[in-house]
Amino acid sequence: MNKEEMQSVMCDTMAQMLADMPIDEKKEMMMGMMSKMKEGINMEEMMSKMGAKDGPGGMKDMMAKMMQGGEGQNSMMPEMMLKGMMPHCIKMMMPAISKGKRAELVSGMINTLVEEASSGMSDHEKATLRAKVAETLEA
């Protein structure tokens, strides 16, 4: 099978596979594929070849604006990262961490999540958040 035939078969197969797949599964699959595709690639070098520049209007500036919502718009990037990329990274990295260190690591992550999530909340809202986290951990 030559390259063109293989690409055609892949496109047809992917179209069929993705047709009935829920959006969340597509996002998870994309995050996994992107991390695999980036392996061995110097992203800084790649960005410079693609014309990305430093400073105002550069790639770092653009990413910062995307994370903050850009110009007056709410950004989906932080939520997408927390729902997709972060859980995927944890699933990939956790097996590499010794079982003895996991409890301390997880405890620290939960503390950070609760601390940051409760920032700016009233005492009642903080208590509700902590109760929800405790309920989740007990399940």
# chains A, B, ... in the order shown; residues from 1 in each chain; ligands from 1

call {"tool": "select_by_dssp", "arguments": {"residues": "segment 96-136 of chain A", "states": "alpha helix (DSSP H)", "output": "JSON, numbers by chain"}}
result
{"A": [99, 100, 101, 102, 103, 104, 105, 106, 107, 108, 109, 110, 111, 112, 113, 114, 115, 116, 117, 123, 124, 125, 126, 127, 128, 129, 130, 131, 132, 133, 134, 135, 136]}

call {"tool": "atom_distance", "arguments": {"atom1": "atom CA of Arg130 of chain A", "atom2": "atom CA of Glu28 of chain A"}}
result
27.4 Å

call {"tool": "closest_residue", "arguments": {"among": "A:Met94, A:Met31, A:Ala15, A:Val114", "to": "Thr128 of chain A", "atoms": "only C-alpha atoms"}}
result
A:Val114

call {"tool": "closest_residue", "arguments": {"among": "A:Met17, A:Ile110, A:Glu4, A:Glu25", "to": "Lys83 of chain A", "atoms": "only C-alpha atoms"}}
result
A:Glu25

call {"tool": "atom_distance", "arguments": {"atom1": "atom CA of His88 of chain A", "atom2": "atom CA of Gly32 of chain A"}}
result
7.3 Å
